[in-house]
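This report concerns only the one structure given below.
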Amino acid sequence: MAEPPPPGPVPAQRHASQPTALRIEAAGFGYRGTTVLWDVELTVGEGRTLALVGPNGAGKSTLIKSVTGLADLVTGSVTVLGRALPKARGLAAYVPQAETLDPDFPVSAADVVLMGRYRRIGWWRPTGRADRDAALAALDRVGLADRASTRFGLLSGGQRQRVLVARAIAAEARLLLLDEPLNGVDATSQERILTALGELTATGTAVVISTHDLAVAARIADQVCVLNGRQWAAGTPGEVLTPEVLREAYGNHAVDLPDGRTMLVET
Amino acid sequence: MLEAPFMLRALAELTLLALICGPVSVFVFARRLSFVADALTHTVFPGVVAGFLVSGADGVFGGALVAGLVTAVVLTLLTRGGLLSDDAATAVVLTALFSVGVALVSRRSSYTSDLTAFLFGRLLTVTPGQLVETAVLAVLTLTLVAIGARAWVFRAFDVGGAAAAGYRIARLDLALNLVVALVVVAAVRAVGTILVVALLIVPAAAARMLTDRLIAMAAAGTVLTLLCGYAGLWLSWTASVDHGVRLTSATAVVLALVLAYVLLLPVGLLRRRRPA
């Protein structure tokens with residue numbers, strides 16, 4: 001196992017007033033016993049949004065995949081809605097990048113959204129009208145009700161991403177995990193997705209979203225966590241998205257600042 | 001042709017195989033398990049031979065069943081732990097067990113005759129007892145498919161989403177590998193270890209040319225297999241009886257399936273150019 005990077009996670013702001021949707025304590029994440037992300041300490045309250053930012057390879061996806069069960073929690077603990085991993089698996093809904101999915105897979109947009117209902121439906125019960133109605137309503141929330149029967153792969157990249165968000169809506173999970181859902185997405189789809197996420201948090205759903213877009217993180221998140229092999233900083237966007245923190249965490253990389261400027265950080 | 005009882009039994013066997021190969025081939029297609037299916041067809045070979053050596057023709061079914069189930073478990077474990085890539089693990093298991101089968105069969109004095117039967121099947125010598133065994137496997141397979149279908153589709157489309165929803169991915173993979181193994185076992189005596197892979201891959205591949213819906217693919221794959229089974233039997237019968245040309249029934253069935261796939265290719269290309 002590799003040596004951990006220098007210590008010093010910056011604790012996330014805790015929201016004592018809200019029930020906790022996701023609690024990560026002294027956690028290290030990785031694959032097959034090898035830790036790639038160290039010292040994560042986060043708490044996300046219900047109805048709150050946490051943005052994970054950091055350069056490529058920082059560990060954003062690893063953290064999210066660990067909650068879903070696709071990557072390993074090597075040290076520490078993760079609690080979802082009061083239940084610790086691995087028993088907590090199945091309580092969160094996951095939205096991957098649409099471009100990671102096979103566009104030739106023979107399913108319609110409605111089929112994809114219905115997948116969000118599968119755990120509710122169970123192994124034996126046939127798909128019922130209530131499930132189909134819920135799927136259509138979720139598609140409507142992202143503005144794609146009229147594309148329900150269109151094959152998933154024939155939709156644009158942004159529309160596919162909206163379908164995956166609709167799947168998470170249909171799942172009615174109390175915690176949503178979105179892995180860079182805005183990468184390469186057109187402006188219309190981005191607005192639809194962000195609006196849908198805002199509506200979900202208003203009803204108490206917690207959202208964890210990884211993104212490269214710091215302006216989006218500043219706009220939608222209650223908390224921002226900066227990762228790069230470990231947790232460099234966590235707090236409100238105003239506390240975390242500062243040139244000093246970003247320069248330290250990103251190293252020699254270009255950074256888009258929340259005010260729209262792009263900053264080239266030289267170290 | 002169907003006045004001959006053995007031809008009727010062959011058609012009944014093919015009908016049962018069509019009922020399971022149509023749906024299962026869709027999951028082989030969706031999960032891109034063609035190579036795994038190919039490996040399973042080869043790895044049941046030593047089981048077939050060992051069963052034959054122990055109990056004669058009656059032992060083939062049990063030997064194939066044991067070998068198929070063991071292979072499904074081994075393949076799942078090897079790929080799950082990340083010890084080997086899917087392809088490498090599959091290739092290692094395939095070649096190792098197939099070699100064992102060849103070594104076993106070469107100990108027989110009637111080597112060539114037995115080998116031909118194991119590799120290419122004996123569709124026309126299917127007995128009523130074998131039909132019952134195939135029917136039992138068909139019921140078991142279709143029951144498992146009915147239970148697992150949604151989860152397998154979810155896992156095939158988006159493994160991360162399926163895991164987040166609470167599905168145990170390794171268990172789903174094991175279950176599907178076991179189902180593929182059951183189909184191989186059901187079909188191996190009729191069409192042989194080499195040709196059975198066609199029944200697991202071609203129906204869905206051909207049906208994909210006709211439709212974008214998985215359930216329609218399963219139905220179309222079943223009908224295609226049934227039609228090609230009948231056409232293959234007729235072709236074999238006509239070639240042998242009317243023209244004196246030896247054409248084994250299983251080979252004719254597979255050739256008919258492949259021909260159907262080739263004929264449907266332009267349909268698929270046209271549909272892609274004009275997407276709905």
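In the structure tokens, the first chain shown is A, the next is B, and so on; residue numbers restart at 1 for each chain, and ligands run from 1 in the order shown.
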What's the 10 Å shell around Thr15 of chain B, counting only C-alpha atoms, without same-chain residues fewer than 2 positions away, as a VMD selection string?
chain B and resid 9 to 13 17 to 21 135 222 to 223 225 to 227 229 to 230
Include N, CA and C atoms and write out the residues we just selected as a PDB file, in the first residue's frame.
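This went into result-v2.pdb:
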ATOM      1  N   ARG B   9     -38.742 -36.149 -32.967  1.00  0.00           N
ATOM      2  CA  ARG B   9     -38.042 -35.909 -31.697  1.00  0.00           C
ATOM      3  C   ARG B   9     -36.968 -34.828 -31.859  1.00  0.00           C
ATOM      4  N   ALA B  10     -36.296 -34.858 -33.008  1.00  0.00           N
ATOM      5  CA  ALA B  10     -35.269 -33.832 -33.266  1.00  0.00           C
ATOM      6  C   ALA B  10     -35.905 -32.438 -33.304  1.00  0.00           C
ATOM      7  N   LEU B  11     -37.081 -32.360 -33.951  1.00  0.00           N
ATOM      8  CA  LEU B  11     -37.759 -31.059 -34.019  1.00  0.00           C
ATOM      9  C   LEU B  11     -38.221 -30.612 -32.630  1.00  0.00           C
ATOM     10  N   ALA B  12     -38.694 -31.566 -31.839  1.00  0.00           N
ATOM     11  CA  ALA B  12     -39.114 -31.230 -30.474  1.00  0.00           C
ATOM     12  C   ALA B  12     -37.921 -30.728 -29.662  1.00  0.00           C
ATOM     13  N   GLU B  13     -36.779 -31.382 -29.820  1.00  0.00           N
ATOM     14  CA  GLU B  13     -35.563 -30.948 -29.112  1.00  0.00           C
ATOM     15  C   GLU B  13     -35.176 -29.528 -29.532  1.00  0.00           C
ATOM     16  N   LEU B  17     -34.920 -26.048 -27.372  1.00  0.00           N
ATOM     17  CA  LEU B  17     -33.692 -25.248 -27.378  1.00  0.00           C
ATOM     18  C   LEU B  17     -33.969 -23.825 -27.851  1.00  0.00           C
ATOM     19  N   ALA B  18     -34.883 -23.682 -28.824  1.00  0.00           N
ATOM     20  CA  ALA B  18     -35.225 -22.342 -29.319  1.00  0.00           C
ATOM     21  C   ALA B  18     -35.849 -21.509 -28.200  1.00  0.00           C
ATOM     22  N   LEU B  19     -36.684 -22.159 -27.389  1.00  0.00           N
ATOM     23  CA  LEU B  19     -37.370 -21.434 -26.312  1.00  0.00           C
ATOM     24  C   LEU B  19     -36.387 -20.865 -25.294  1.00  0.00           C
ATOM     25  N   ILE B  20     -35.272 -21.551 -25.073  1.00  0.00           N
ATOM     26  CA  ILE B  20     -34.311 -21.022 -24.088  1.00  0.00           C
ATOM     27  C   ILE B  20     -33.200 -20.211 -24.756  1.00  0.00           C
ATOM     28  N   CYS B  21     -32.822 -20.596 -25.972  1.00  0.00           N
ATOM     29  CA  CYS B  21     -31.704 -19.882 -26.612  1.00  0.00           C
ATOM     30  C   CYS B  21     -32.112 -18.470 -27.030  1.00  0.00           C
ATOM     31  N   ALA B 135     -36.303 -30.661 -21.416  1.00  0.00           N
ATOM     32  CA  ALA B 135     -37.486 -29.897 -20.993  1.00  0.00           C
ATOM     33  C   ALA B 135     -37.325 -29.403 -19.553  1.00  0.00           C
ATOM     34  N   THR B 222     -36.130 -16.393 -30.651  1.00  0.00           N
ATOM     35  CA  THR B 222     -36.773 -17.701 -30.463  1.00  0.00           C
ATOM     36  C   THR B 222     -37.410 -18.186 -31.765  1.00  0.00           C
ATOM     37  N   VAL B 223     -38.164 -17.291 -32.411  1.00  0.00           N
ATOM     38  CA  VAL B 223     -38.838 -17.669 -33.664  1.00  0.00           C
ATOM     39  C   VAL B 223     -37.811 -18.014 -34.739  1.00  0.00           C
ATOM     40  N   THR B 225     -34.768 -19.145 -34.348  1.00  0.00           N
ATOM     41  CA  THR B 225     -34.134 -20.421 -34.038  1.00  0.00           C
ATOM     42  C   THR B 225     -35.061 -21.577 -34.399  1.00  0.00           C
ATOM     43  N   LEU B 226     -36.337 -21.376 -34.103  1.00  0.00           N
ATOM     44  CA  LEU B 226     -37.320 -22.418 -34.426  1.00  0.00           C
ATOM     45  C   LEU B 226     -37.415 -22.623 -35.942  1.00  0.00           C
ATOM     46  N   LEU B 227     -37.525 -21.522 -36.664  1.00  0.00           N
ATOM     47  CA  LEU B 227     -37.637 -21.616 -38.123  1.00  0.00           C
ATOM     48  C   LEU B 227     -36.379 -22.231 -38.737  1.00  0.00           C
ATOM     49  N   GLY B 229     -34.296 -24.120 -37.206  1.00  0.00           N
ATOM     50  CA  GLY B 229     -34.225 -25.521 -36.796  1.00  0.00           C
ATOM     51  C   GLY B 229     -35.002 -26.392 -37.750  1.00  0.00           C
ATOM     52  N   TYR B 230     -36.210 -25.966 -38.095  1.00  0.00           N
ATOM     53  CA  TYR B 230     -37.031 -26.731 -39.033  1.00  0.00           C
ATOM     54  C   TYR B 230     -36.375 -26.756 -40.414  1.00  0.00           C
TER      55      TYR B 230
END
Provide as a ChimeraX atom specification the residues of chain B at most 6 Å from chain A, counting only C-alpha atoms.
/B:147,161,163-166,212-213
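In this structure, atom CA of Tyr261 of chain B sits 6.9 Å away from atom CA of Val202 of chain B.
The shortest atom-to-atom distance to Val191 of chain B, with only C-alpha atoms taken into account, belongs to B:Ala252 out of B:Leu210, B:Ala252, B:Ala151, B:Ala216.
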Using only C-alpha atoms, determine which residues lie at most 6 Å from segment 167-184 of chain B, disregarding the query and same-chain residues fewer than 6 positions distant; provide the list as number ranges by chain.
B: 68-69, 72, 76
Export of the given selection (N, CA and C atoms) as an mmCIF file, in the first residue's frame:
data_model
loop_
_atom_site.group_PDB
_atom_site.id
_atom_site.type_symbol
_atom_site.label_atom_id
_atom_site.label_comp_id
_atom_site.auth_asym_id
_atom_site.auth_seq_id
_atom_site.Cartn_x
_atom_site.Cartn_y
_atom_site.Cartn_z
ATOM 1 N N GLY B 68 -20.061 -27.752 -16.700
ATOM 2 C CA GLY B 68 -20.609 -26.433 -17.010
ATOM 3 C C GLY B 68 -20.757 -25.566 -15.767
ATOM 4 N N LEU B 69 -21.301 -26.144 -14.715
ATOM 5 C CA LEU B 69 -21.520 -25.367 -13.492
ATOM 6 C C LEU B 69 -20.186 -24.985 -12.840
ATOM 7 N N ALA B 72 -18.673 -22.150 -14.819
ATOM 8 C CA ALA B 72 -19.350 -20.870 -14.573
ATOM 9 C C ALA B 72 -18.848 -20.244 -13.281
ATOM 10 N N THR B 76 -16.423 -16.816 -13.017
ATOM 11 C CA THR B 76 -16.900 -15.671 -12.242
ATOM 12 C C THR B 76 -15.874 -15.272 -11.185
#
Select from segment 55-234 of chain A everything DSSP, run on the backbone, classes as helix (DSSP H, G or I), then give the selection as a count of residues only.
80
Need the shell around segment 245-249 of chain A: protein/DNA/RNA residues with any atom at most 7 Å away, counting only C-alpha atoms. Skip same-chain ones fewer than 3 positions apart. Format as a list in words?
Asn228, Trp232, Val240, Leu241, Thr242 and Val265 of chain A
Selection above as a file: C-alpha atoms, as a short mmCIF file (atom, residue, chain, number, x, y, z; two decimals), in the first residue's frame:
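Generated output (result_12.cif):
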data_model
loop_
_atom_site.label_atom_id
_atom_site.label_comp_id
_atom_site.auth_asym_id
_atom_site.auth_seq_id
_atom_site.Cartn_x
_atom_site.Cartn_y
_atom_site.Cartn_z
CA ASN A 228 -6.56 15.57 -4.93
CA TRP A 232 -7.54 19.35 0.78
CA VAL A 240 -13.09 26.81 -0.22
CA LEU A 241 -13.10 28.19 -3.74
CA THR A 242 -10.30 30.64 -3.13
CA VAL A 265 -1.83 28.27 -11.45
#
